[in-house]
>>> print(open('model.txt').read())   # compact mmCIF, C-alpha atoms and all ligand atoms
# COMPACT_ATOMS: atom_id res chain seq x y z
CA MET A 1 86.83 106.90 109.52
CA ALA A 2 86.28 103.96 107.25
CA ASP A 3 85.04 100.75 108.65
CA VAL A 4 87.90 98.39 109.07
CA LYS A 5 86.57 95.26 107.50
CA SER A 6 87.87 92.22 109.24
CA LYS A 7 87.21 89.93 112.08
CA ASP A 8 86.38 91.49 115.39
CA GLU A 9 88.00 89.39 117.96
CA SER A 10 87.12 90.64 121.38
CA GLY A 11 83.97 91.02 123.35
CA SER A 12 80.53 89.83 122.37
CA GLU A 13 78.22 91.18 119.71
CA ASP A 14 76.29 93.59 121.87
CA ASP A 15 79.21 95.12 123.70
CA ASP A 16 79.27 98.86 123.90
CA ASP A 17 82.16 99.37 121.50
CA SER A 18 82.32 103.12 121.74
CA SER A 19 84.10 102.97 125.09
CA LYS A 20 86.73 100.56 123.84
CA ILE A 21 90.17 101.33 122.56
CA VAL A 22 90.47 100.01 119.04
CA ILE A 23 93.72 98.36 118.04
CA VAL A 24 94.22 97.61 114.37
CA LEU A 25 96.95 95.23 113.32
CA PHE A 26 97.84 95.18 109.63
CA LYS A 27 99.40 91.93 108.40
CA SER A 28 99.72 89.94 105.18
CA ASP A 29 100.01 86.36 103.99
CA THR A 30 103.68 86.73 103.15
CA CYS A 31 104.86 88.88 106.04
CA ALA A 32 107.38 86.93 108.11
CA PHE A 33 107.30 89.19 111.17
CA CYS A 34 103.53 89.46 111.41
CA PRO A 35 102.71 86.33 113.44
CA ARG A 36 105.12 87.43 116.17
CA ALA A 37 103.71 90.97 116.14
CA GLU A 38 100.21 89.58 116.54
CA GLU A 39 101.35 87.50 119.50
CA VAL A 40 102.89 90.51 121.21
CA VAL A 41 99.76 92.59 120.69
CA ARG A 42 97.48 89.85 122.03
CA ASP A 43 99.70 89.22 125.05
CA THR A 44 99.85 92.91 125.88
CA ILE A 45 96.08 93.25 125.68
CA ARG A 46 95.63 90.19 127.85
CA ASP A 47 97.99 91.52 130.52
CA PHE A 48 96.34 94.92 130.50
CA SER A 49 92.59 94.46 130.51
CA PRO A 50 91.07 92.55 127.62
CA GLU A 51 87.59 94.03 128.02
CA SER A 52 88.90 97.53 127.32
CA PHE A 53 90.01 96.67 123.80
CA LYS A 54 88.74 95.78 120.43
CA LEU A 55 91.39 94.11 118.28
CA ARG A 56 90.93 94.20 114.55
CA VAL A 57 93.31 92.25 112.36
CA VAL A 58 93.46 93.40 108.74
CA ASN A 59 95.00 90.96 106.31
CA VAL A 60 96.27 93.28 103.58
CA SER A 61 96.59 90.40 101.12
CA GLU A 62 92.81 90.04 101.37
CA ASN A 63 91.85 93.68 102.02
CA PRO A 64 94.44 95.89 100.31
CA GLU A 65 91.93 98.75 100.10
CA VAL A 66 91.96 99.15 103.88
CA ALA A 67 95.76 99.53 103.95
CA GLU A 68 95.53 101.96 101.04
CA GLU A 69 92.95 104.03 102.84
CA PHE A 70 95.18 104.39 105.88
CA GLY A 71 98.38 104.70 103.88
CA ILE A 72 99.94 101.59 105.42
CA VAL A 73 102.73 100.18 103.23
CA ALA A 74 105.00 98.43 105.75
CA LEU A 75 103.91 95.34 107.68
CA PRO A 76 103.33 94.57 110.46
CA THR A 77 101.92 97.94 111.51
CA THR A 78 99.90 98.36 114.67
CA MET A 79 97.56 101.34 114.82
CA ILE A 80 96.04 102.66 118.04
CA GLY A 81 93.99 105.84 118.05
CA GLY A 82 95.70 107.79 115.30
CA VAL A 83 99.25 106.66 116.01
CA SER A 84 101.07 103.65 114.64
CA ILE A 85 104.16 101.55 115.09
CA THR A 86 105.83 99.47 112.38
CA GLY A 87 107.64 96.19 112.96
CA ILE A 88 107.29 93.80 115.89
CA PRO A 89 106.33 96.20 118.67
CA GLU A 90 107.82 96.11 122.13
CA PRO A 91 105.13 95.80 124.81
CA GLU A 92 106.31 99.05 126.46
CA MET A 93 105.74 100.92 123.22
CA LEU A 94 102.26 99.44 122.89
CA MET A 95 101.48 100.43 126.48
CA LYS A 96 102.54 103.98 125.76
CA MET A 97 100.28 104.10 122.73
CA ILE A 98 97.41 102.56 124.67
CA MET A 99 97.76 105.11 127.47
CA GLY A 100 97.82 107.91 124.92
CA ALA A 101 94.71 106.58 123.21
CA GLY A 102 92.95 106.08 126.55
CA VAL A 103 93.65 109.64 127.63
CA SER A 104 92.45 111.16 124.38
CA LYS A 105 89.39 108.95 124.53
CA MET A 106 88.50 110.27 127.99
CA ARG A 107 89.08 113.83 126.89
CA GLY A 108 86.98 113.30 123.78
CA GLY A 109 84.25 111.76 125.93
CA LYS A 110 83.86 114.84 128.15
CA LYS A 111 81.16 117.08 126.86
CA MET B 1 118.47 82.18 71.31
CA SER B 2 120.19 84.28 68.71
CA ASN B 3 117.17 85.88 67.08
CA TYR B 4 115.57 86.82 70.35
CA THR B 5 114.50 90.43 70.29
CA ILE B 6 113.43 92.45 73.26
CA GLU B 7 109.87 93.66 73.12
CA ARG B 8 109.77 97.45 73.45
CA VAL B 9 107.30 99.59 75.31
CA LYS B 10 106.95 103.00 73.70
CA THR B 11 107.02 105.95 76.05
CA GLY B 12 105.44 108.28 73.52
CA VAL B 13 107.47 111.11 75.06
CA PRO B 14 108.54 113.10 71.98
CA GLY B 15 112.15 112.29 71.12
CA LEU B 16 112.74 109.82 73.96
CA ASP B 17 111.98 106.54 72.23
CA GLU B 18 114.66 107.31 69.64
CA LEU B 19 117.23 107.45 72.42
CA VAL B 20 116.27 104.06 73.83
CA GLU B 21 116.01 101.88 70.72
CA GLY B 22 112.29 102.39 70.33
CA GLY B 23 111.13 102.13 73.93
CA PHE B 24 111.79 100.59 77.33
CA PRO B 25 112.32 96.83 77.38
CA LYS B 26 108.98 95.29 78.34
CA GLY B 27 108.90 94.03 81.91
CA ASP B 28 111.97 96.00 82.95
CA THR B 29 112.42 98.39 85.84
CA ILE B 30 113.43 101.87 84.72
CA LEU B 31 114.72 104.50 87.10
CA VAL B 32 114.24 108.19 86.36
CA ALA B 33 116.57 110.14 88.62
CA GLY B 34 117.06 113.86 88.98
CA LYS B 35 116.99 116.77 91.36
CA ALA B 36 113.74 118.47 92.35
CA GLY B 37 112.00 120.17 89.46
CA THR B 38 113.89 118.37 86.70
CA GLY B 39 110.70 116.84 85.27
CA LYS B 40 110.71 113.31 86.72
CA SER B 41 107.02 113.24 87.62
CA THR B 42 106.00 114.82 84.35
CA LEU B 43 107.97 112.33 82.27
CA ALA B 44 106.75 109.40 84.36
CA ILE B 45 103.11 110.38 84.05
CA GLN B 46 103.48 111.00 80.32
CA PHE B 47 104.67 107.40 80.07
CA LEU B 48 101.41 106.27 81.71
CA TYR B 49 99.19 108.71 79.86
CA ASN B 50 100.59 107.84 76.44
CA GLY B 51 100.42 104.15 77.25
CA ALA B 52 96.70 104.41 77.91
CA GLU B 53 95.93 106.98 75.25
CA GLN B 54 97.98 105.65 72.33
CA TYR B 55 99.13 102.13 73.01
CA GLY B 56 96.20 100.48 74.76
CA GLU B 57 98.15 99.84 77.96
CA THR B 58 96.43 100.65 81.22
CA GLY B 59 98.49 102.11 84.03
CA VAL B 60 98.83 102.45 87.79
CA LEU B 61 100.30 105.62 89.27
CA VAL B 62 101.43 105.19 92.87
CA THR B 63 102.00 108.61 94.35
CA LEU B 64 104.01 108.70 97.55
CA GLU B 65 104.64 112.41 97.45
CA GLU B 66 102.23 114.72 95.63
CA PRO B 67 98.50 114.47 96.35
CA PRO B 68 96.43 113.35 93.32
CA ARG B 69 94.60 116.65 93.14
CA LEU B 70 97.88 118.49 92.47
CA ILE B 71 99.07 115.90 89.99
CA LYS B 72 95.84 116.21 88.04
CA ARG B 73 96.07 119.99 88.03
CA ASN B 74 99.71 119.94 86.87
CA MET B 75 99.06 117.44 84.11
CA MET B 76 95.96 119.31 82.97
CA ASN B 77 98.30 122.23 82.22
CA PHE B 78 100.02 119.94 79.73
CA GLY B 79 96.68 118.99 78.18
CA MET B 80 96.50 115.62 79.90
CA ASP B 81 93.18 114.89 81.55
CA LEU B 82 93.94 112.22 84.14
CA ALA B 83 90.51 112.42 85.78
CA LYS B 84 88.86 111.48 82.50
CA MET B 85 91.33 108.66 82.07
CA GLU B 86 90.49 107.39 85.56
CA LYS B 87 86.78 107.44 84.73
CA GLU B 88 87.49 105.39 81.61
CA ARG B 89 89.39 102.95 83.84
CA LYS B 90 92.56 103.28 81.79
CA LEU B 91 94.45 104.67 84.75
CA VAL B 92 94.27 104.59 88.50
CA ILE B 93 96.01 106.96 90.86
CA VAL B 94 96.87 105.24 94.14
CA ASP B 95 97.11 107.90 96.80
CA LEU B 96 99.79 107.08 99.34
CA SER B 97 100.83 110.70 99.73
CA PRO B 98 101.38 112.14 103.21
CA SER B 99 98.44 114.49 102.72
CA LYS B 100 95.91 111.78 103.57
CA GLU B 101 94.11 112.67 106.74
CA VAL B 102 93.52 109.21 108.12
CA THR B 103 97.14 108.13 107.89
CA PRO B 104 98.26 107.51 111.47
CA VAL B 105 101.19 109.39 112.95
CA THR B 106 104.06 106.99 113.26
CA MET B 107 105.73 106.44 116.63
CA GLY B 108 108.67 104.92 114.82
CA GLU B 109 109.68 101.48 113.71
CA PHE B 110 111.37 98.31 114.84
CA PRO B 111 113.69 96.73 112.26
CA SER B 112 111.32 93.84 111.64
CA PHE B 113 109.00 94.76 108.79
CA ASP B 114 108.60 94.34 105.06
CA LEU B 115 106.86 96.21 102.24
CA SER B 116 104.33 93.49 101.51
CA GLY B 117 101.58 96.03 102.20
CA LEU B 118 102.77 98.29 99.39
CA GLU B 119 103.10 95.31 97.10
CA ALA B 120 99.59 94.04 97.88
CA ILE B 121 98.09 97.49 97.28
CA ILE B 122 99.87 97.91 93.93
CA MET B 123 99.18 94.37 92.72
CA SER B 124 95.48 94.60 93.55
CA HIS B 125 95.19 97.58 91.18
CA VAL B 126 97.35 95.94 88.52
CA LYS B 127 94.99 92.96 88.54
CA LYS B 128 91.81 95.02 88.60
CA LEU B 129 92.88 97.16 85.65
CA LYS B 130 94.98 94.52 83.88
CA ALA B 131 97.65 97.21 83.96
CA THR B 132 100.95 96.75 82.15
CA ARG B 133 102.58 100.03 83.19
CA VAL B 134 103.27 101.05 86.77
CA VAL B 135 104.88 104.23 88.07
CA ILE B 136 106.06 104.73 91.66
CA ASP B 137 106.69 108.43 92.31
CA THR B 138 108.91 108.77 94.24
CA LEU B 139 110.83 105.98 95.87
CA SER B 140 112.95 108.49 97.80
CA ILE B 141 110.06 109.34 100.08
CA LEU B 142 110.35 105.92 101.70
CA ALA B 143 113.90 106.81 102.74
CA TYR B 144 112.49 109.60 104.86
CA LYS B 145 109.63 107.52 106.15
CA PHE B 146 111.67 104.53 107.34
CA ARG B 147 115.06 104.42 108.99
CA SER B 148 116.00 100.78 108.38
CA ARG B 149 117.97 101.13 105.17
CA ASP B 150 119.02 97.50 104.93
CA ILE B 151 115.41 96.38 105.06
CA LEU B 152 114.35 98.96 102.50
CA ARG B 153 117.06 97.91 100.06
CA GLU B 154 116.11 94.28 100.26
CA GLU B 155 112.41 95.09 100.08
CA PHE B 156 112.87 97.29 97.01
CA PHE B 157 114.47 94.39 95.18
CA LYS B 158 111.60 92.10 96.11
CA LEU B 159 109.01 94.72 95.25
CA THR B 160 110.38 95.55 91.80
CA ALA B 161 110.89 91.87 90.96
CA ASN B 162 107.36 90.97 91.97
CA ILE B 163 105.72 93.85 90.12
CA THR B 164 107.55 93.15 86.85
CA LYS B 165 107.32 89.34 87.08
CA LYS B 166 104.43 89.08 84.65
CA GLY B 167 105.58 91.64 82.10
CA VAL B 168 104.59 94.89 83.76
CA THR B 169 106.99 97.70 82.87
CA LEU B 170 107.87 99.62 86.02
CA LEU B 171 109.11 103.17 86.18
CA LEU B 172 110.50 104.45 89.47
CA THR B 173 111.48 108.02 90.16
CA SER B 174 114.25 108.96 92.53
CA GLU B 175 115.00 112.41 93.79
CA ILE B 176 118.67 113.33 93.92
CA PRO B 177 119.23 115.64 96.89
CA GLU B 178 120.86 118.98 96.08
CA HIS B 179 124.69 118.77 96.14
CA HIS B 180 124.52 115.00 96.01
CA LEU B 181 126.62 113.02 93.59
CA GLY B 182 124.78 109.70 93.47
CA LEU B 183 121.51 108.78 91.82
CA GLY B 184 119.31 108.93 94.86
CA VAL B 185 119.16 108.96 98.62
CA PHE B 186 119.81 105.21 98.91
CA ASP B 187 122.65 104.93 96.42
CA VAL B 188 121.16 101.60 95.41
CA GLU B 189 118.49 102.95 93.14
CA ALA B 190 120.61 102.37 90.06
CA PHE B 191 121.10 98.69 90.91
CA LEU B 192 117.38 98.14 91.17
CA ALA B 193 116.81 99.14 87.62
CA SER B 194 117.85 97.68 84.30
CA GLY B 195 117.52 101.13 82.82
CA VAL B 196 118.48 104.51 84.23
CA LEU B 197 117.59 107.95 82.90
CA VAL B 198 119.00 111.05 84.54
CA LEU B 199 117.35 114.44 84.16
CA TYR B 200 119.27 117.68 84.62
CA ASN B 201 118.36 121.33 84.90
CA GLU B 202 121.75 122.95 85.23
CA LYS B 203 122.62 126.58 85.54
CA ILE B 204 124.59 127.64 82.48
CA SER B 205 124.78 131.31 83.34
CA ASP B 206 123.50 133.65 86.03
CA THR B 207 120.16 133.91 84.32
CA LEU B 208 119.90 130.70 82.37
CA ARG B 209 119.26 127.06 83.09
CA SER B 210 119.32 124.29 80.59
CA ARG B 211 117.44 121.00 80.77
CA SER B 212 118.93 117.79 79.51
CA ILE B 213 118.53 114.01 79.71
CA GLU B 214 121.04 111.21 79.84
CA VAL B 215 120.50 107.48 79.31
CA LEU B 216 122.92 105.90 81.77
CA LYS B 217 122.16 102.27 81.10
CA LEU B 218 119.58 100.18 79.36
CA ARG B 219 119.53 96.43 79.09
CA GLY B 220 120.27 95.09 75.63
CA SER B 221 120.19 98.48 74.02
CA LYS B 222 122.62 100.36 71.87
CA HIS B 223 121.33 103.47 73.51
CA SER B 224 122.69 106.92 72.95
CA SER B 225 125.37 107.60 75.53
CA ARG B 226 125.27 111.33 75.09
CA ILE B 227 123.48 113.98 77.03
CA HIS B 228 120.63 115.41 75.00
CA PRO B 229 118.67 118.61 75.38
CA MET B 230 115.25 118.38 76.91
CA ARG B 231 112.51 120.95 77.28
CA ILE B 232 109.31 121.19 79.22
CA THR B 233 106.69 122.83 77.05
CA ASP B 234 102.93 123.25 77.21
CA GLU B 235 102.73 119.63 76.14
CA GLY B 236 105.09 118.25 78.76
CA VAL B 237 108.57 116.80 78.40
CA ARG B 238 110.18 116.80 74.96
CA VAL B 239 113.61 115.40 74.14
CA PHE B 240 115.83 116.48 71.25
CA PRO B 241 117.76 113.37 70.26
CA GLY B 242 119.47 114.95 67.29
CA GLU B 243 121.20 117.62 69.32
CA ILE B 244 123.93 117.36 71.87
CA SER B 245 123.44 119.30 75.05
CA PRO B 246 125.62 122.44 75.22
CA GLY B 247 126.70 121.49 78.71
CA ALA B 248 127.95 118.06 77.65
N1 LIG C 301 103.74 124.75 81.15
C1 LIG C 301 105.03 124.59 81.50
N2 LIG C 301 106.00 124.98 80.67
C2 LIG C 301 107.30 124.82 80.99
N3 LIG C 301 107.72 124.29 82.14
C3 LIG C 301 106.79 123.88 83.02
C4 LIG C 301 105.40 124.02 82.75
N4 LIG C 301 104.73 123.53 83.82
C5 LIG C 301 105.66 123.09 84.70
N5 LIG C 301 106.90 123.33 84.23
C6 LIG C 301 108.16 122.96 84.90
O1 LIG C 301 108.18 121.56 85.13
C7 LIG C 301 108.95 121.29 86.27
C8 LIG C 301 108.18 120.36 87.20
O2 LIG C 301 108.45 119.10 86.84
P1 LIG C 301 108.17 117.86 87.79
O3 LIG C 301 107.87 116.76 86.85
O4 LIG C 301 107.18 118.17 88.84
O5 LIG C 301 109.61 117.71 88.46
P2 LIG C 301 110.14 116.65 89.52
O6 LIG C 301 109.12 115.57 89.61
O7 LIG C 301 111.45 116.20 88.95
O8 LIG C 301 110.33 117.42 90.79
C9 LIG C 301 109.23 122.57 86.99
O9 LIG C 301 110.58 122.87 86.82
C10 LIG C 301 108.32 123.56 86.27
O10 LIG C 301 108.97 124.79 86.19
MG MG C 302 108.02 114.95 91.31
>>> encode(input="model.txt", output="structure tokens", more="lines below")
Ligand SMILES: Nc1ncnc2c1ncn2[C@@H]1O[C@H](COP(=O)(O)OP(=O)(O)O)[C@@H](O)[C@H]1O
Ligand SMILES: [Mg+2]
Amino acid sequence: MADVKSKDESGSEDDDDSSKIVIVLFKSDTCAFCPRAEEVVRDTIRDFSPESFKLRVVNVSENPEVAEEFGIVALPTTMIGGVSITGIPEPEMLMKMIMGAGVSKMRGGKK
Amino acid sequence: MSNYTIERVKTGVPGLDELVEGGFPKGDTILVAGKAGTGKSTLAIQFLYNGAEQYGETGVLVTLEEPPRLIKRNMMNFGMDLAKMEKERKLVIVDLSPSKEVTPVTMGEFPSFDLSGLEAIIMSHVKKLKATRVVIDTLSILAYKFRSRDILREEFFKLTANITKKGVTLLLTSEIPEHHLGLGVFDVEAFLASGVLVLYNEKISDTLRSRSIEVLKLRGSKHSSRIHPMRITDEGVRVFPGEISPGA
């Protein structure tokens, strides 16, 4: 998977990232619904357990090649472990995706 | 201004420019509609290829349906080497086809989104290549990808307006579903465009089909309003402007 170039916003530099669930939020400078989507994602993470996540925000206006790579044309889109949701997500939907990603992460971790 | 003339962008598709007063109006949005297999992609890519090869206009091909590898193979059969053109930076193929492995599986959508991602992707390539021709093949795919039709309609208008703002000529393809009477799955495709071409491949007997092309509308043009024969040969789409289609 390509490196998602953007600000990492959780945890400190030397955190063990491999155990974290990565959430990627695609937004743009002109997208009217994106600020609200970002709020919902941040709130959901905060209510869940912030240390379990790594949030990456990709501004497609600045990094269009990342959106192209992942085939993301509609914004906001939130991507968690191979699944995505477009539009302002409902927290329940995010939770569902997070649980799914967590489960597959645990399965993938078993050797 | 009375002596204002519209600048024309030659398609270079044999026979087609004659039907449209010498070419598409520069900076316009042109829709090429037709059922599957009527030659929409071929014609659209010829427009880009000829632009780069003959008229010094670089192009961006946004593929939402066919993977680039298939497009290149198909066009190579018509003697058009897109890979070479990409290396020469006269053309870029933007792969937004469903075949990409890293594309996440969508859980659905909430009716609060826009297509600013698509716009940013396209415009970044237009800038990089100083492109003046853009093809989106095919718009219809987005109708299957997203459910919120009202948003899509509005976003298509914004998208086409923003792409053509600085003189880029935009060609969109739209697939007409079988047994469908309109010009595309949205029924708004025709309103998006200042020019509409319709491609046909109609059965004329049990064993015979006949291809034809119709210019439905074109801004400021005294275009031919007849249906003209069209063929797909080893060199791609060819139009016969002097003849009238037998089916017409
Ligand atoms: N070398 C060729 N000679 C004649 N017809 C061809 C040749 N190669 C492909 N075709 C025809 O071209 C058509 C494909 O056109 P295409 O542009 O992909 O259609 P669309 O995009 O409208 O679905 C098919 O009907 C195919 O039979
Ligand atoms: Mg096609």
>>> atom_distance(input="model.txt", atom1="CA of Arg153 (chain B)", atom2="CA of Val94 (chain B)")
22.3 Å
>>> interface_residues(input="model.txt", of="chain B", to="chain A", cutoff="12 Å", atoms="all atoms listed in the file", output="ChimeraX atom specification")
/B:62-65,93-125,142,145-148,151-152,155-156,158-159
>>> residues_near_ligand(input="model.txt", ligand="ligand MG 302 (chain C)", cutoff="7 Å", atoms="all atoms listed in the file", output="MDAnalysis selection string")
chainID B and resid 36:37 39:41 137:138
>>> atom_distance(input="model.txt", atom1="CA of Met230 (chain B)", atom2="CA of Glu178 (chain B)")
20.0 Å
>>> residues_around(input="model.txt", residues="Leu139 (chain B)", least_positions_apart="4", cutoff="7 Å", atoms="only C-alpha atoms", output="number ranges by chain")
B: 172-174
>>> closest_atom_pairs(input="model.txt", of="chain B", to="ligand LIG 301 (chain C)", cutoff="9 Å", atoms="only C-alpha atoms and all ligand atoms", output="Markdown table")
| residue | atom | partner | partner_atom | distance |
| --- | --- | --- | --- | --- |
| B:Val32 | CA | C:LIG301 | O7 | 8.9 |
| B:Ala33 | CA | C:LIG301 | O7 | 7.9 |
| B:Gly34 | CA | C:LIG301 | O7 | 6.1 |
| B:Lys35 | CA | C:LIG301 | O7 | 6.1 |
| B:Ala36 | CA | C:LIG301 | O8 | 3.9 |
| B:Gly37 | CA | C:LIG301 | O8 | 3.5 |
| B:Thr38 | CA | C:LIG301 | O7 | 4.0 |
| B:Gly39 | CA | C:LIG301 | O3 | 3.2 |
| B:Lys40 | CA | C:LIG301 | O7 | 3.7 |
| B:Ser41 | CA | C:LIG301 | O3 | 3.7 |
| B:Thr42 | CA | C:LIG301 | O3 | 3.7 |
| B:Leu43 | CA | C:LIG301 | O3 | 6.4 |
| B:Ala44 | CA | C:LIG301 | O3 | 7.9 |
| B:Ile45 | CA | C:LIG301 | O3 | 8.4 |
| B:Ile71 | CA | C:LIG301 | O4 | 8.5 |
| B:Asn74 | CA | C:LIG301 | N4 | 6.9 |
| B:Met75 | CA | C:LIG301 | N4 | 8.3 |
| B:Asn77 | CA | C:LIG301 | N1 | 6.1 |
| B:Phe78 | CA | C:LIG301 | N1 | 6.2 |
| B:Asp137 | CA | C:LIG301 | O6 | 8.0 |
| B:Thr138 | CA | C:LIG301 | O6 | 8.2 |
| B:Thr173 | CA | C:LIG301 | O6 | 7.9 |
| B:Ser174 | CA | C:LIG301 | O7 | 8.5 |
| B:Glu175 | CA | C:LIG301 | O7 | 7.1 |
| B:Leu199 | CA | C:LIG301 | O7 | 7.8 |
| B:Asn201 | CA | C:LIG301 | O9 | 8.2 |
| B:Arg231 | CA | C:LIG301 | C2 | 7.5 |
| B:Ile232 | CA | C:LIG301 | C2 | 4.5 |
| B:Thr233 | CA | C:LIG301 | N2 | 4.3 |
| B:Asp234 | CA | C:LIG301 | N1 | 4.3 |
| B:Glu235 | CA | C:LIG301 | N1 | 7.2 |
| B:Gly236 | CA | C:LIG301 | C1 | 6.9 |
| B:Val237 | CA | C:LIG301 | O1 | 8.3 |
